[in-house]
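Q: Sharing target.cif below, mmCIF, C-alpha atoms:
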```
data_final
loop_
_atom_site.group_PDB
_atom_site.id
_atom_site.type_symbol
_atom_site.label_atom_id
_atom_site.label_comp_id
_atom_site.auth_asym_id
_atom_site.auth_seq_id
_atom_site.Cartn_x
_atom_site.Cartn_y
_atom_site.Cartn_z
ATOM 1 C CA MET J 1 0.000 0.000 0.000
ATOM 2 C CA GLN J 2 2.777 2.406 0.875
ATOM 3 C CA GLY J 3 4.613 1.647 -2.358
ATOM 4 C CA THR J 4 1.414 2.350 -4.310
ATOM 5 C CA MET J 5 0.981 5.687 -2.559
ATOM 6 C CA LEU J 6 4.587 6.553 -3.304
ATOM 7 C CA ALA J 7 4.185 5.750 -6.982
ATOM 8 C CA GLU J 8 1.043 7.815 -7.228
ATOM 9 C CA SER J 9 2.253 10.893 -5.365
ATOM 10 C CA THR J 10 5.902 11.171 -6.399
ATOM 11 C CA PRO J 11 6.475 13.565 -9.319
ATOM 12 C CA SER J 12 8.660 12.668 -12.247
ATOM 13 C CA PRO J 13 12.412 13.225 -11.781
ATOM 14 C CA GLU J 14 12.428 16.007 -14.318
ATOM 15 C CA GLY J 15 9.610 17.873 -12.531
ATOM 16 C CA THR J 16 6.218 18.924 -13.800
ATOM 17 C CA PRO J 17 5.438 22.386 -15.199
ATOM 18 C CA PRO J 18 2.952 24.508 -13.246
ATOM 19 C CA ALA J 19 -0.675 23.760 -14.008
ATOM 20 C CA ALA J 20 -1.269 27.353 -15.089
ATOM 21 C CA THR J 21 1.265 26.985 -17.940
ATOM 22 C CA LEU J 22 -0.025 23.649 -19.285
ATOM 23 C CA ARG J 23 -1.774 23.718 -22.631
ATOM 24 C CA VAL J 24 -5.281 22.273 -22.569
ATOM 25 C CA PRO J 25 -5.801 19.596 -25.257
ATOM 26 C CA GLY J 26 -7.440 21.176 -28.299
ATOM 27 C CA GLU J 27 -6.727 24.721 -27.083
ATOM 28 C CA PRO J 28 -5.521 27.056 -29.883
ATOM 29 C CA LEU J 29 -1.922 28.155 -29.524
ATOM 30 C CA GLY J 30 -2.858 31.833 -29.639
ATOM 31 C CA LYS J 31 -5.324 31.473 -26.787
ATOM 32 C CA HIS J 32 -2.789 29.516 -24.748
ATOM 33 C CA LEU J 33 -0.176 32.246 -25.214
ATOM 34 C CA ARG J 34 -2.652 34.966 -24.232
ATOM 35 C CA ARG J 35 -3.529 32.996 -21.117
ATOM 36 C CA THR J 36 0.067 32.495 -19.960
ATOM 37 C CA TRP J 37 2.015 35.529 -21.215
ATOM 38 C CA TRP J 38 1.507 37.452 -17.979
ATOM 39 C CA ILE J 39 3.069 34.614 -15.963
ATOM 40 C CA TYR J 40 6.283 34.792 -17.968
ATOM 41 C CA LEU J 41 6.218 38.596 -17.923
ATOM 42 C CA ILE J 42 6.077 38.622 -14.113
ATOM 43 C CA LEU J 43 8.887 36.063 -13.927
ATOM 44 C CA VAL J 44 11.062 38.136 -16.273
ATOM 45 C CA ILE J 45 10.460 41.330 -14.265
ATOM 46 C CA VAL J 46 11.138 39.656 -10.903
ATOM 47 C CA GLY J 47 14.222 37.918 -12.308
ATOM 48 C CA ALA J 48 15.566 41.219 -13.641
ATOM 49 C CA LEU J 49 15.026 42.958 -10.297
ATOM 50 C CA LEU J 50 16.735 40.153 -8.386
ATOM 51 C CA SER J 51 19.673 40.287 -10.806
ATOM 52 C CA LEU J 52 20.336 44.007 -10.275
ATOM 53 C CA PRO J 53 22.561 43.630 -7.164
ATOM 54 C CA LEU J 54 24.694 40.983 -8.896
ATOM 55 C CA LEU J 55 24.994 43.111 -12.034
ATOM 56 C CA TRP J 56 25.943 46.147 -9.940
ATOM 57 C CA LEU J 57 28.564 44.062 -8.117
ATOM 58 C CA LEU J 58 30.061 42.881 -11.397
ATOM 59 C CA SER J 59 30.011 46.392 -12.854
ATOM 60 C CA SER J 60 31.602 47.935 -9.763
ATOM 61 C CA SER J 61 34.396 45.360 -9.775
ATOM 62 C CA LEU J 62 35.561 46.807 -13.103
ATOM 63 C CA LYS J 63 35.450 50.469 -12.070
ATOM 64 C CA SER J 64 37.839 52.852 -10.406
ATOM 65 C CA GLU J 65 37.135 54.056 -6.872
ATOM 66 C CA GLY J 66 35.618 57.318 -8.066
ATOM 67 C CA GLN J 67 33.139 55.707 -10.457
ATOM 68 C CA ILE J 68 31.442 53.281 -8.080
ATOM 69 C CA PHE J 69 29.103 55.687 -6.278
ATOM 70 C CA VAL J 70 28.419 58.060 -9.162
ATOM 71 C CA VAL J 71 24.774 59.207 -9.358
ATOM 72 C CA PRO J 72 23.075 58.179 -11.589
ATOM 73 C CA PRO J 73 24.853 54.804 -11.625
ATOM 74 C CA GLN J 74 27.158 54.140 -14.545
ATOM 75 C CA TRP J 75 26.455 50.506 -15.399
ATOM 76 C CA ILE J 76 29.108 50.184 -18.106
ATOM 77 C CA PRO J 77 32.569 51.065 -16.724
ATOM 78 C CA LYS J 78 34.593 53.576 -18.748
ATOM 79 C CA PRO J 79 37.398 52.640 -18.808
ATOM 80 C CA VAL J 80 37.220 48.995 -17.718
ATOM 81 C CA GLN J 81 39.609 48.385 -14.797
ATOM 82 C CA TRP J 82 40.623 44.749 -15.347
ATOM 83 C CA SER J 83 43.592 45.375 -13.043
ATOM 84 C CA ASN J 84 41.293 45.252 -10.000
ATOM 85 C CA TYR J 85 41.291 41.447 -10.103
ATOM 86 C CA PRO J 86 45.054 40.783 -10.049
ATOM 87 C CA ASP J 87 45.451 43.643 -7.553
ATOM 88 C CA VAL J 88 43.331 41.685 -5.067
ATOM 89 C CA PHE J 89 46.006 38.967 -4.880
ATOM 90 C CA HIS J 90 48.734 41.597 -4.417
ATOM 91 C CA ARG J 91 46.837 43.462 -1.714
ATOM 92 C CA ILE J 92 45.920 40.490 0.520
ATOM 93 C CA PRO J 93 46.740 36.732 0.617
ATOM 94 C CA PHE J 94 43.543 35.981 -1.318
ATOM 95 C CA GLY J 95 44.850 32.704 -2.739
ATOM 96 C CA ARG J 96 45.461 31.447 0.788
ATOM 97 C CA GLY J 97 41.905 32.415 1.690
ATOM 98 C CA TRP J 98 40.639 30.338 -1.226
ATOM 99 C CA LEU J 99 42.602 27.322 -0.043
ATOM 100 C CA ASN J 100 41.377 27.730 3.537
ATOM 101 C CA SER J 101 37.749 28.027 2.415
ATOM 102 C CA ILE J 102 38.067 24.947 0.205
ATOM 103 C CA ILE J 103 39.515 22.901 3.082
ATOM 104 C CA VAL J 104 36.918 23.993 5.637
ATOM 105 C CA THR J 105 33.946 23.835 3.267
ATOM 106 C CA SER J 106 34.773 20.458 1.727
ATOM 107 C CA LEU J 107 35.437 18.698 5.035
ATOM 108 C CA ALA J 108 32.475 20.316 6.808
ATOM 109 C CA THR J 109 30.130 19.563 3.905
ATOM 110 C CA LEU J 110 31.253 15.946 3.786
ATOM 111 C CA GLY J 111 30.710 15.652 7.544
ATOM 112 C CA GLN J 112 27.272 17.230 7.283
ATOM 113 C CA VAL J 113 26.202 14.829 4.533
ATOM 114 C CA VAL J 114 27.505 11.737 6.344
ATOM 115 C CA SER J 115 26.127 12.636 9.771
ATOM 116 C CA ALA J 116 22.757 13.888 8.524
ATOM 117 C CA SER J 117 22.156 10.786 6.410
ATOM 118 C CA LEU J 118 23.121 8.424 9.255
ATOM 119 C CA VAL J 119 21.106 10.166 11.971
ATOM 120 C CA ALA J 120 18.098 10.542 9.673
ATOM 121 C CA PHE J 121 18.271 6.827 8.855
ATOM 122 C CA GLY J 122 18.025 5.985 12.547
ATOM 123 C CA PHE J 123 14.999 8.215 13.071
ATOM 124 C CA ALA J 124 13.222 7.151 9.881
ATOM 125 C CA ARG J 125 13.936 3.436 9.383
ATOM 126 C CA LEU J 126 14.837 1.988 12.791
ATOM 127 C CA ARG J 127 12.474 1.232 15.653
ATOM 128 C CA PHE J 128 13.715 1.712 19.210
ATOM 129 C CA PRO J 129 12.246 2.986 22.505
ATOM 130 C CA GLY J 130 12.102 6.759 22.774
ATOM 131 C CA ARG J 131 12.756 7.366 19.083
ATOM 132 C CA ASP J 132 9.929 9.863 18.591
ATOM 133 C CA ALA J 133 10.744 11.681 21.848
ATOM 134 C CA LEU J 134 14.392 12.044 20.841
ATOM 135 C CA PHE J 135 13.337 13.314 17.430
ATOM 136 C CA MET J 136 11.120 15.962 19.029
ATOM 137 C CA VAL J 137 14.059 17.078 21.189
ATOM 138 C CA LEU J 138 16.190 17.307 18.047
ATOM 139 C CA ILE J 139 13.576 19.405 16.253
ATOM 140 C CA ALA J 140 13.254 21.648 19.312
ATOM 141 C CA THR J 141 16.933 22.576 19.000
ATOM 142 C CA VAL J 142 16.097 24.361 15.744
ATOM 143 C CA MET J 143 14.397 27.028 17.884
ATOM 144 C CA ILE J 144 17.606 27.722 19.852
ATOM 145 C CA PRO J 145 19.534 30.654 18.346
ATOM 146 C CA TYR J 146 23.147 29.998 17.427
ATOM 147 C CA HIS J 147 24.310 32.823 19.687
ATOM 148 C CA VAL J 148 22.844 31.146 22.789
ATOM 149 C CA THR J 149 25.349 28.292 22.535
ATOM 150 C CA LEU J 150 28.217 30.457 21.295
ATOM 151 C CA ILE J 151 29.890 31.139 24.670
ATOM 152 C CA PRO J 152 29.679 27.519 25.940
ATOM 153 C CA SER J 153 31.042 26.323 22.589
ATOM 154 C CA TYR J 154 33.873 28.847 22.707
ATOM 155 C CA VAL J 155 34.820 27.804 26.250
ATOM 156 C CA LEU J 156 34.768 24.140 25.228
ATOM 157 C CA PHE J 157 36.950 24.686 22.167
ATOM 158 C CA ARG J 158 39.374 26.794 24.197
ATOM 159 C CA TRP J 159 39.628 24.006 26.780
ATOM 160 C CA LEU J 160 40.347 21.535 23.948
ATOM 161 C CA GLY J 161 43.015 23.844 22.519
ATOM 162 C CA TRP J 162 41.191 24.219 19.198
ATOM 163 C CA LEU J 163 41.173 28.016 18.976
ATOM 164 C CA ASP J 164 42.859 29.437 15.865
ATOM 165 C CA THR J 165 42.441 26.102 14.077
ATOM 166 C CA PHE J 166 39.901 24.789 11.580
ATOM 167 C CA LEU J 167 38.606 22.147 14.003
ATOM 168 C CA PRO J 168 35.746 24.237 15.529
ATOM 169 C CA LEU J 169 34.505 24.861 11.984
ATOM 170 C CA ILE J 170 34.708 21.216 10.859
ATOM 171 C CA VAL J 171 34.239 18.794 13.766
ATOM 172 C CA PRO J 172 30.664 19.873 14.766
ATOM 173 C CA SER J 173 29.508 19.013 11.239
ATOM 174 C CA TRP J 174 30.601 15.409 11.798
ATOM 175 C CA LEU J 175 28.571 15.203 15.028
ATOM 176 C CA GLY J 176 25.111 15.821 13.604
ATOM 177 C CA GLY J 177 25.634 19.283 12.193
ATOM 178 C CA SER J 178 22.233 20.785 11.459
ATOM 179 C CA ALA J 179 18.953 19.554 12.936
ATOM 180 C CA PHE J 180 17.127 21.042 9.949
ATOM 181 C CA LEU J 181 19.142 18.972 7.471
ATOM 182 C CA ILE J 182 18.562 15.835 9.538
ATOM 183 C CA PHE J 183 14.835 16.574 9.462
ATOM 184 C CA LEU J 184 14.988 17.134 5.694
ATOM 185 C CA VAL J 185 16.663 13.785 4.989
ATOM 186 C CA ARG J 186 14.451 11.988 7.489
ATOM 187 C CA GLN J 187 11.337 13.190 5.666
ATOM 188 C CA PHE J 188 12.731 11.803 2.427
ATOM 189 C CA TYR J 189 13.607 8.453 4.019
ATOM 190 C CA MET J 190 10.048 8.173 5.353
ATOM 191 C CA ARG J 191 8.751 8.197 1.776
ATOM 192 C CA LEU J 192 10.760 5.170 0.726
ATOM 193 C CA SER J 193 9.081 1.771 0.785
ATOM 194 C CA PHE J 194 9.672 -0.180 4.012
ATOM 195 C CA GLU J 195 9.011 -3.425 2.126
ATOM 196 C CA LEU J 196 12.453 -3.112 0.545
ATOM 197 C CA ASP J 197 14.073 -3.056 4.006
ATOM 198 C CA ASP J 198 12.116 -6.124 5.103
ATOM 199 C CA ALA J 199 12.951 -8.018 1.933
ATOM 200 C CA ALA J 200 16.647 -7.224 2.319
ATOM 201 C CA ARG J 201 16.654 -8.391 5.938
ATOM 202 C CA VAL J 202 14.923 -11.621 4.954
ATOM 203 C CA ASP J 203 17.803 -12.212 2.532
ATOM 204 C CA GLY J 204 20.261 -11.721 5.403
ATOM 205 C CA ALA J 205 21.206 -8.071 4.966
ATOM 206 C CA SER J 206 22.409 -6.197 8.035
ATOM 207 C CA THR J 207 21.175 -2.741 9.030
ATOM 208 C CA TRP J 208 24.325 -1.185 7.554
ATOM 209 C CA GLN J 209 23.748 -3.029 4.269
ATOM 210 C CA VAL J 210 20.141 -1.846 4.182
ATOM 211 C CA PHE J 211 21.379 1.709 4.587
ATOM 212 C CA THR J 212 24.180 1.532 2.010
ATOM 213 C CA HIS J 213 22.504 -0.703 -0.606
ATOM 214 C CA ILE J 214 18.780 0.089 -0.289
ATOM 215 C CA VAL J 215 18.176 3.527 1.230
ATOM 216 C CA LEU J 216 21.221 5.559 0.215
ATOM 217 C CA PRO J 217 21.116 4.818 -3.544
ATOM 218 C CA GLN J 218 17.510 6.087 -3.653
ATOM 219 C CA SER J 219 18.327 9.261 -1.734
ATOM 220 C CA LYS J 220 20.461 11.204 -4.220
ATOM 221 C CA PRO J 221 18.016 14.173 -4.429
ATOM 222 C CA ALA J 222 17.871 14.592 -0.644
ATOM 223 C CA ILE J 223 21.622 14.113 -0.227
ATOM 224 C CA GLY J 224 22.155 16.660 -2.994
ATOM 225 C CA VAL J 225 20.036 19.233 -1.177
ATOM 226 C CA VAL J 226 21.970 18.641 2.046
ATOM 227 C CA ALA J 227 25.283 19.045 0.210
ATOM 228 C CA ILE J 228 24.131 22.295 -1.439
ATOM 229 C CA PHE J 229 22.835 23.805 1.806
ATOM 230 C CA ALA J 230 25.945 22.742 3.716
ATOM 231 C CA PHE J 231 28.308 24.059 1.035
ATOM 232 C CA LEU J 232 26.621 27.465 0.866
ATOM 233 C CA ASN J 233 26.439 27.741 4.644
ATOM 234 C CA HIS J 234 30.125 26.975 5.245
ATOM 235 C CA TRP J 235 31.454 28.812 2.189
ATOM 236 C CA ASN J 236 29.674 32.031 3.173
ATOM 237 C CA ASP J 237 30.135 31.663 6.927
ATOM 238 C CA PHE J 238 31.637 34.806 8.434
ATOM 239 C CA PHE J 239 30.682 34.584 12.086
ATOM 240 C CA GLY J 240 32.271 31.206 12.896
ATOM 241 C CA PRO J 241 35.714 31.962 11.424
ATOM 242 C CA PHE J 242 35.559 35.457 12.923
ATOM 243 C CA ILE J 243 35.126 33.984 16.418
ATOM 244 C CA TYR J 244 37.582 31.083 16.258
ATOM 245 C CA LEU J 245 40.351 32.209 13.863
ATOM 246 C CA ASN J 246 42.976 34.793 14.814
ATOM 247 C CA SER J 247 45.824 34.329 12.318
ATOM 248 C CA THR J 248 45.482 36.067 8.952
ATOM 249 C CA GLU J 249 47.003 33.087 7.125
ATOM 250 C CA LYS J 250 44.094 30.944 8.381
ATOM 251 C CA TYR J 251 41.325 33.335 7.335
ATOM 252 C CA THR J 252 38.612 32.040 5.034
ATOM 253 C CA LEU J 253 37.288 34.151 2.148
ATOM 254 C CA PRO J 254 34.579 36.044 4.116
ATOM 255 C CA LEU J 255 37.257 37.207 6.567
ATOM 256 C CA MET J 256 39.636 38.034 3.730
ATOM 257 C CA LEU J 257 37.025 40.407 2.304
ATOM 258 C CA ARG J 258 37.019 42.269 5.596
ATOM 259 C CA LEU J 259 40.689 43.134 5.135
ATOM 260 C CA PHE J 260 39.694 45.678 2.490
ATOM 261 C CA GLN J 261 37.841 47.651 5.178
ATOM 262 C CA SER J 262 39.480 49.803 7.792
ATOM 263 C CA VAL J 263 38.443 52.553 10.194
ATOM 264 C CA GLU J 264 39.625 55.261 7.796
ATOM 265 C CA SER J 265 38.522 53.918 4.415
ATOM 266 C CA THR J 266 37.303 51.018 2.318
ATOM 267 C CA GLU J 267 38.896 49.884 -0.942
ATOM 268 C CA TRP J 268 35.590 49.378 -2.740
ATOM 269 C CA ALA J 269 36.869 48.471 -6.193
ATOM 270 C CA MET J 270 39.065 45.608 -4.999
ATOM 271 C CA LEU J 271 36.405 44.575 -2.465
ATOM 272 C CA MET J 272 33.894 44.207 -5.299
ATOM 273 C CA ALA J 273 36.384 42.257 -7.419
ATOM 274 C CA ALA J 274 37.155 39.922 -4.511
ATOM 275 C CA SER J 275 33.422 39.495 -3.838
ATOM 276 C CA VAL J 276 32.839 38.447 -7.461
ATOM 277 C CA MET J 277 35.575 35.802 -7.221
ATOM 278 C CA THR J 278 34.141 34.609 -3.902
ATOM 279 C CA ALA J 279 30.650 34.243 -5.371
ATOM 280 C CA ILE J 280 31.740 32.279 -8.466
ATOM 281 C CA PRO J 281 31.691 28.793 -6.796
ATOM 282 C CA CYS J 282 28.159 29.400 -5.476
ATOM 283 C CA ILE J 283 26.906 30.439 -8.915
ATOM 284 C CA VAL J 284 28.595 27.476 -10.623
ATOM 285 C CA LEU J 285 27.205 25.102 -7.994
ATOM 286 C CA TYR J 286 23.685 26.405 -8.611
ATOM 287 C CA PHE J 287 23.817 25.729 -12.358
ATOM 288 C CA ILE J 288 25.396 22.300 -11.885
ATOM 289 C CA ALA J 289 23.118 21.096 -9.076
ATOM 290 C CA GLN J 290 19.897 22.944 -9.934
ATOM 291 C CA ARG J 291 18.071 19.792 -11.040
ATOM 292 C CA TYR J 292 19.003 17.857 -7.883
ATOM 293 C CA PHE J 293 18.040 20.808 -5.708
ATOM 294 C CA ILE J 294 14.555 21.059 -7.238
ATOM 295 C CA GLN J 295 14.031 17.299 -7.008
ATOM 296 C CA GLY J 296 15.115 17.208 -3.376
ATOM 297 C CA VAL J 297 12.860 20.082 -2.340
ATOM 298 C CA VAL J 298 9.874 18.587 -4.180
ATOM 299 C CA PHE J 299 10.375 15.061 -2.847
ATOM 300 C CA THR J 300 11.008 16.062 0.768
ATOM 301 C CA GLY J 301 8.131 18.551 0.739
ATOM 302 C CA LEU J 302 5.492 15.961 -0.123
ATOM 303 C CA LYS J 303 3.901 13.709 2.440
ATOM 304 C CA GLY J 304 3.429 10.063 1.488
#
```
Please express the file's structure as structure tokens.
A:
Amino acid sequence: MQGTMLAESTPSPEGTPPAATLRVPGEPLGKHLRRTWWIYLILVIVGALLSLPLLWLLSSSLKSEGQIFVVPPQWIPKPVQWSNYPDVFHRIPFGRGWLNSIIVTSLATLGQVVSASLVAFGFARLRFPGRDALFMVLIATVMIPYHVTLIPSYVLFRWLGWLDTFLPLIVPSWLGGSAFLIFLVRQFYMRLSFELDDAARVDGASTWQVFTHIVLPQSKPAIGVVAIFAFLNHWNDFFGPFIYLNSTEKYTLPLMLRLFQSVESTEWAMLMAASVMTAIPCIVLYFIAQRYFIQGVVFTGLKG
């Protein structure tokens, strides 16, 4: 019965277009276009408005200091200051910041994916006393602001001797990481057929084999969403590195950007150029993983 419900309610992997944009059988093409043109017009307008900050960032990265805040804005730089980009690497150790961000983000993202998938498997597919109560406690932690646990965490990491290292930014991701991501994966696991688990156990499969051979291969959309969220969170994290890192050579990219600001002035042109280079991985990740992101959100947002 559960497998039938899953088959009926799960959308196709490629997604389904909105009902308002579907063409009714026998409907003339002209009438269909008149009925849907306003939807695409609104999407184009909203997309253009949301793109303005990114376009302004890109334009400002190619300007001189005096052109950035000219009123009205000059969208096309004259002349184009391509030298802003190599100057970033001469002004600060930006390459080192890239390496630090890659190390922290990759290890923390991997830990988040592994821990979230394992913990979610326990809450979704295993039966043990107190499971639902523990899950409610886990969900309740989402309501606790990060800043409430900041001081106890700082004291703990200082006692462990982890200050000014990458460990406070990486290790917590391997110990559960985000309750929200665990909840997200757990909701996806709940949609999968339990009959497959039972059949595997009848054939002698262990719990670990059920997880690795039955559940995990079917969970690529959910795991993809977790990886995307974790990557963006750690790549753009400013507060964590700001609290735990003291040495400039260990700064991640968000902290490197801060080096362009001082009490007296801000080097806006190079700051914009550095911001563009910092945003490139996030933009590339979106275009590469867009399909998996949409699938994961759709599948985990439906109740089977």
Q: With the PyMOL selection byres ((chain J and resi 153-164) around 7) as the selection, what would be picked from this file? Answer as a JSON list (two decimals) with C-alpha atoms, in the frame of the given file, please.
A:
```
[["chain", "number", "residue", "atom", "x", "y", "z"],
["J", 149, "THR", "CA", 25.35, 28.29, 22.54],
["J", 150, "LEU", "CA", 28.22, 30.46, 21.30],
["J", 151, "ILE", "CA", 29.89, 31.14, 24.67],
["J", 152, "PRO", "CA", 29.68, 27.52, 25.94],
["J", 165, "THR", "CA", 42.44, 26.10, 14.08],
["J", 166, "PHE", "CA", 39.90, 24.79, 11.58],
["J", 167, "LEU", "CA", 38.61, 22.15, 14.00],
["J", 168, "PRO", "CA", 35.75, 24.24, 15.53],
["J", 244, "TYR", "CA", 37.58, 31.08, 16.26],
["J", 245, "LEU", "CA", 40.35, 32.21, 13.86],
["J", 246, "ASN", "CA", 42.98, 34.79, 14.81],
["J", 247, "SER", "CA", 45.82, 34.33, 12.32]]
```
Q: With 4 Å of padding per side, what axis-aligned box (centre and edge lengths, Å, one decimal) covers all the listed atoms of stretch 237-251 of chain J? Give it as lines of an AutoDock Vina configuration file.
A:
```
center_x = 38.6
center_y = 33.5
center_z = 11.7
size_x = 24.9
size_y = 13.1
size_z = 17.5
```
Q: Of the residues J:Leu285, J:Val70, J:Val88, J:Ile39, which is the one nearest to J:Ile228, using all atoms listed in the file?
A: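 Using all atoms listed in the file, the shortest distance to J:Ile228 belongs to J:Leu285.
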Q: Give me, please, the distance in Å between atom CA of J:Ala279 and atom CA of J:Leu169, quoted to one decimal.
A: 20.1 Å
Q: Suppose a student applies the PyMOL selection byres ((chain J and resi 248-260) around 10) to this structure; what residues should they get, written as an MDAnalysis selection string?
A: chainID J and resid 88 91:105 164:166 234:239 241:242 244:247 261:262 265:275 277:278
Q: Pull the closest atom pair for each residue of stretch 58-138 of chain J that gets at most 10 Å from stretch 205-218 of chain J, along with the distance in Å to one decimal, counting all atoms listed in the file, ordering rows by chain and then ascending residue number, as a tab-separated table.
A:
```
residue	atom	partner	partner_atom	distance
J:Ser117	CA	J:Leu216	CA	8.2
J:Leu118	CA	J:Phe211	CA	8.4
J:Phe121	CA	J:Phe211	CA	7.4
J:Gly122	CA	J:Phe211	CA	9.6
J:Arg125	CA	J:Phe211	CA	9.0
J:Leu126	CA	J:Thr207	CA	8.8
```
Q: Just to confirm, what's the straight-line distance from atom CA of J:Asp132 to atom CA of J:Ser193 in Å (one decimal)?
A: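 Straight-line distance from atom CA of J:Asp132 to atom CA of J:Ser193 works out to 19.6 Å.
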Q: Report, in Å with one decimal, the straight-line distance from atom CA of J:His147 to atom CA of J:Ile283.
A: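 Separation between atom CA of J:His147 and atom CA of J:Ile283: 28.8 Å.
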Q: Can you build me a table of stretch 60-124 of chain J residues sitting at most 10 Å from stretch 42-56 of chain J, with the closest atom pair per residue and its distance in Å to one decimal, using only C-alpha atoms, sorted by chain and residue number, as a tab-separated table?
A:
```
residue	atom	partner	partner_atom	distance
J:Ser60	CA	J:Trp56	CA	5.9
J:Ser61	CA	J:Trp56	CA	8.5
J:Ile68	CA	J:Trp56	CA	9.2
J:Pro73	CA	J:Trp56	CA	8.9
J:Gln74	CA	J:Trp56	CA	9.3
J:Trp75	CA	J:Trp56	CA	7.0
J:Ile76	CA	J:Trp56	CA	9.6
```
Q: Taking all atoms listed in the file into account, name the residue in J:Ser115, J:Phe69, J:Lys63, J:Gly240 that is nearest to J:Asn84.
A: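 Ranked by minimum distance to J:Asn84, first place goes to J:Lys63.
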Q: Using only C-alpha atoms for the distances, tell me which of J:Leu62, J:Tyr189, J:Leu110, J:Leu134 is nearest to J:Asp87.
A: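 Closest residue, counting only C-alpha atoms: J:Leu62.
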Q: Which residue gives the smallest distance to J:Gln290 among J:Ile170, J:Pro221, J:Leu57, J:Ala140, with only C-alpha atoms counted?
A: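 Of J:Ile170, J:Pro221, J:Leu57, J:Ala140, the one nearest J:Gln290 is J:Pro221, counting only C-alpha atoms.
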Q: Only N, CA and C atoms, as a PDB file, in the first residue's frame: that is what I want for stretch 207-224 of chain J.
A:
```pdb
ATOM      1  N   THR J 207      21.697  -4.114   9.056  1.00  0.00           N
ATOM      2  CA  THR J 207      21.175  -2.741   9.030  1.00  0.00           C
ATOM      3  C   THR J 207      22.078  -1.825   8.205  1.00  0.00           C
ATOM      4  N   TRP J 208      23.387  -1.993   8.331  1.00  0.00           N
ATOM      5  CA  TRP J 208      24.325  -1.185   7.554  1.00  0.00           C
ATOM      6  C   TRP J 208      24.159  -1.452   6.053  1.00  0.00           C
ATOM      7  N   GLN J 209      23.941  -2.706   5.678  1.00  0.00           N
ATOM      8  CA  GLN J 209      23.748  -3.029   4.269  1.00  0.00           C
ATOM      9  C   GLN J 209      22.423  -2.478   3.747  1.00  0.00           C
ATOM     10  N   VAL J 210      21.407  -2.457   4.587  1.00  0.00           N
ATOM     11  CA  VAL J 210      20.141  -1.846   4.182  1.00  0.00           C
ATOM     12  C   VAL J 210      20.344  -0.355   3.904  1.00  0.00           C
ATOM     13  N   PHE J 211      21.122   0.280   4.763  1.00  0.00           N
ATOM     14  CA  PHE J 211      21.379   1.709   4.587  1.00  0.00           C
ATOM     15  C   PHE J 211      22.187   1.979   3.320  1.00  0.00           C
ATOM     16  N   THR J 212      23.270   1.240   3.120  1.00  0.00           N
ATOM     17  CA  THR J 212      24.180   1.532   2.010  1.00  0.00           C
ATOM     18  C   THR J 212      23.684   1.016   0.666  1.00  0.00           C
ATOM     19  N   HIS J 213      22.911  -0.092   0.656  1.00  0.00           N
ATOM     20  CA  HIS J 213      22.504  -0.703  -0.606  1.00  0.00           C
ATOM     21  C   HIS J 213      21.035  -0.455  -0.974  1.00  0.00           C
ATOM     22  N   ILE J 214      20.207  -0.104  -0.002  1.00  0.00           N
ATOM     23  CA  ILE J 214      18.780   0.089  -0.289  1.00  0.00           C
ATOM     24  C   ILE J 214      18.393   1.566  -0.183  1.00  0.00           C
ATOM     25  N   VAL J 215      18.664   2.165   0.968  1.00  0.00           N
ATOM     26  CA  VAL J 215      18.176   3.527   1.230  1.00  0.00           C
ATOM     27  C   VAL J 215      19.032   4.579   0.541  1.00  0.00           C
ATOM     28  N   LEU J 216      20.333   4.501   0.721  1.00  0.00           N
ATOM     29  CA  LEU J 216      21.221   5.559   0.215  1.00  0.00           C
ATOM     30  C   LEU J 216      21.169   5.716  -1.308  1.00  0.00           C
ATOM     31  N   PRO J 217      21.178   4.627  -2.086  1.00  0.00           N
ATOM     32  CA  PRO J 217      21.116   4.818  -3.544  1.00  0.00           C
ATOM     33  C   PRO J 217      19.846   5.512  -4.027  1.00  0.00           C
ATOM     34  N   GLN J 218      18.758   5.437  -3.259  1.00  0.00           N
ATOM     35  CA  GLN J 218      17.510   6.087  -3.653  1.00  0.00           C
ATOM     36  C   GLN J 218      17.411   7.532  -3.149  1.00  0.00           C
ATOM     37  N   SER J 219      18.423   7.975  -2.427  1.00  0.00           N
ATOM     38  CA  SER J 219      18.327   9.261  -1.734  1.00  0.00           C
ATOM     39  C   SER J 219      19.207  10.337  -2.342  1.00  0.00           C
ATOM     40  N   LYS J 220      19.582  10.206  -3.598  1.00  0.00           N
ATOM     41  CA  LYS J 220      20.461  11.204  -4.220  1.00  0.00           C
ATOM     42  C   LYS J 220      19.860  12.611  -4.205  1.00  0.00           C
ATOM     43  N   PRO J 221      18.554  12.800  -4.485  1.00  0.00           N
ATOM     44  CA  PRO J 221      18.016  14.173  -4.429  1.00  0.00           C
ATOM     45  C   PRO J 221      18.141  14.802  -3.047  1.00  0.00           C
ATOM     46  N   ALA J 222      17.803  14.045  -1.999  1.00  0.00           N
ATOM     47  CA  ALA J 222      17.871  14.592  -0.644  1.00  0.00           C
ATOM     48  C   ALA J 222      19.314  14.856  -0.231  1.00  0.00           C
ATOM     49  N   ILE J 223      20.214  13.920  -0.554  1.00  0.00           N
ATOM     50  CA  ILE J 223      21.622  14.113  -0.227  1.00  0.00           C
ATOM     51  C   ILE J 223      22.182  15.314  -0.986  1.00  0.00           C
ATOM     52  N   GLY J 224      21.714  15.500  -2.223  1.00  0.00           N
ATOM     53  CA  GLY J 224      22.155  16.660  -2.994  1.00  0.00           C
ATOM     54  C   GLY J 224      21.740  17.967  -2.355  1.00  0.00           C
TER      55      GLY J 224
END
```
